[in-house]
Amino acid sequence: MKTKKTAGRIALDILSIFFAVVFLAPVIWALFVSLQHEGKQISSIVSWFTPPYTISNYFDIIKNSSVPLWFINSLFIAVIVTVATVLVTGMAAYALALIPFKGSQLFMIYVLIGMMVPGEATIVPLFITVKDLKLIDSYAGMVLPSIAGSMNLIIMTTFFKGLPRELIEATEIDGGGKLTVFFKIVMPLSKSIIATICIFSFVGSWNNYLWPLLCAMSNEMFTLPVGIPTFTSTYTVDYVKPMTASMVASLPMIILYIIFERQIVAGITQGAVKG
């Protein structure tokens with residue numbers, strides 16, 4: 001029995017290493033390409049990984065392109081979307097999970113039905129609505145449609161239902177209102193799931209391509225996913241500059257994951273257990 005367990009563990013480790021290599025290979029390739037000299041002759045795949053290397057591409061991208069502006073746009077939008085998502089989704093989940101009201105079950109069914117509708121199917125009515133509100137090519141136009149998310153609401157509602165009702169009732173008996181319970185009891189007890197929602201919202205907003213492509217009409221409003229493809233020439237394909245810009249866009253996400261890897265895993269695990 002012990003031998004079988006050891007063999008299974010070895011097989012699992014080999015499989016994990018294999019998938020890690022598969023997922024890391026594009027990142028490693030992009031990193032080496034970004035360190036190559038522009039216009040280098042490539043005769044084989046190995047040529048992408050051979051010296052000489054240079055970091056001048058990064059300085060050139062930062063000084064002579066709009067990447068810094070797109071970086072600021074992406075960061076600003078992602079931060080606002082993350083904060084707004086936590087507040088709006090948290091309040092909605094608090095009402096659904098802890099405040100009994102007529103029609104709450106029907107509303108949850110409505111939210112579940114919303115998950116079945118592809119996001120692409122709502123693009124046209126969403127664009128018309130934002131256009132009528134005169135929010136096209138603005139930060140508000142790119143932020144507001146990204147706040148509401150069925151999945152985040154379901155995750156937080158499920159988690160809130162598992163919170164100790166005795167503590168909430170004790171706070172209400174002591175004179176605490178709904179907002180007091182929400183900000184001083186519910187939110188502090190939900191740090192792990194809030195951290196997970198924050199990370200997912202930030203990464204989702206940072207990588208969002210379709211809606212910013214439709215909403216941003218000027219170069220000054222581009223985000224990184226929208227702006228980076230403009231580095232590709234019409235007649236020739238130069239991989240160095242686009243890969244350098246892609247690495248600039250990827251580094252914050254890589255650093256974010258390295259720093260908060262434990263919180264991500266803990267939040268997902270705890271949310272699954274509560275569910």
# chains A, B, ... in the order shown; residues from 1 in each chain; ligands from 1
>>> residues_around(residues="Phe59 of chain A", least_positions_apart="5", cutoff="12 Å", atoms="only C-alpha atoms", output="PyMOL selection string")
chain A and resi 34-35+54+64-65+67-68+241+244-245+248
>>> closest_atom_pairs(of="segment 88-197 of chain A", to="segment 218-228 of chain A", cutoff="10 Å", atoms="only C-alpha atoms", output="Markdown table")
| residue | atom | partner | partner_atom | distance |
| --- | --- | --- | --- | --- |
| A:Asp137 | CA | A:Met221 | CA | 6.6 |
| A:Ser138 | CA | A:Met221 | CA | 7.2 |
| A:Tyr139 | CA | A:Met221 | CA | 7.8 |
| A:Met142 | CA | A:Met221 | CA | 9.6 |
>>> write_last_selection(atoms="N, CA and C atoms", output="PDB file, in the first residue's frame")
ATOM      1  N   ASP A 137     -15.238  56.433 -24.393  1.00  0.00           N
ATOM      2  CA  ASP A 137     -13.910  57.038 -24.324  1.00  0.00           C
ATOM      3  C   ASP A 137     -13.709  57.794 -23.009  1.00  0.00           C
ATOM      4  N   SER A 138     -14.177  57.181 -21.910  1.00  0.00           N
ATOM      5  CA  SER A 138     -13.992  57.769 -20.585  1.00  0.00           C
ATOM      6  C   SER A 138     -13.695  56.665 -19.584  1.00  0.00           C
ATOM      7  N   TYR A 139     -13.113  57.054 -18.462  1.00  0.00           N
ATOM      8  CA  TYR A 139     -12.831  56.077 -17.412  1.00  0.00           C
ATOM      9  C   TYR A 139     -14.124  55.480 -16.854  1.00  0.00           C
ATOM     10  N   MET A 142     -15.470  52.668 -18.914  1.00  0.00           N
ATOM     11  CA  MET A 142     -14.741  51.399 -18.842  1.00  0.00           C
ATOM     12  C   MET A 142     -14.841  50.753 -17.465  1.00  0.00           C
TER      13      MET A 142
END
>>> closest_atom_pairs(of="segment 163-255 of chain A", to="segment 126-136 of chain A", cutoff="10 Å", atoms="only C-alpha atoms", output="Markdown table")
| residue | atom | partner | partner_atom | distance |
| --- | --- | --- | --- | --- |
| A:Trp211 | CA | A:Phe127 | CA | 8.6 |
| A:Pro212 | CA | A:Ile136 | CA | 9.8 |
| A:Leu214 | CA | A:Phe127 | CA | 7.7 |
| A:Cys215 | CA | A:Ile136 | CA | 5.3 |
| A:Ala216 | CA | A:Ile136 | CA | 6.8 |
| A:Met217 | CA | A:Ile136 | CA | 7.6 |
>>> select_by_dssp(residues="segment 21-73 of chain A", states="helix (DSSP H, G or I)", output="ChimeraX atom specification")
/A:21-34,45-49,56-64,67-73
>>> atom_distance(atom1="atom CA of Thr196 of chain A", atom2="atom CA of Lys184 of chain A")
19.4 Å
>>> residues_around(residues="Asn152 of chain A", least_positions_apart="3", cutoff="8 Å", atoms="only C-alpha atoms", output="list in words")
Thr89, Gly149, Ile155, Met156 and Ile197 of chain A
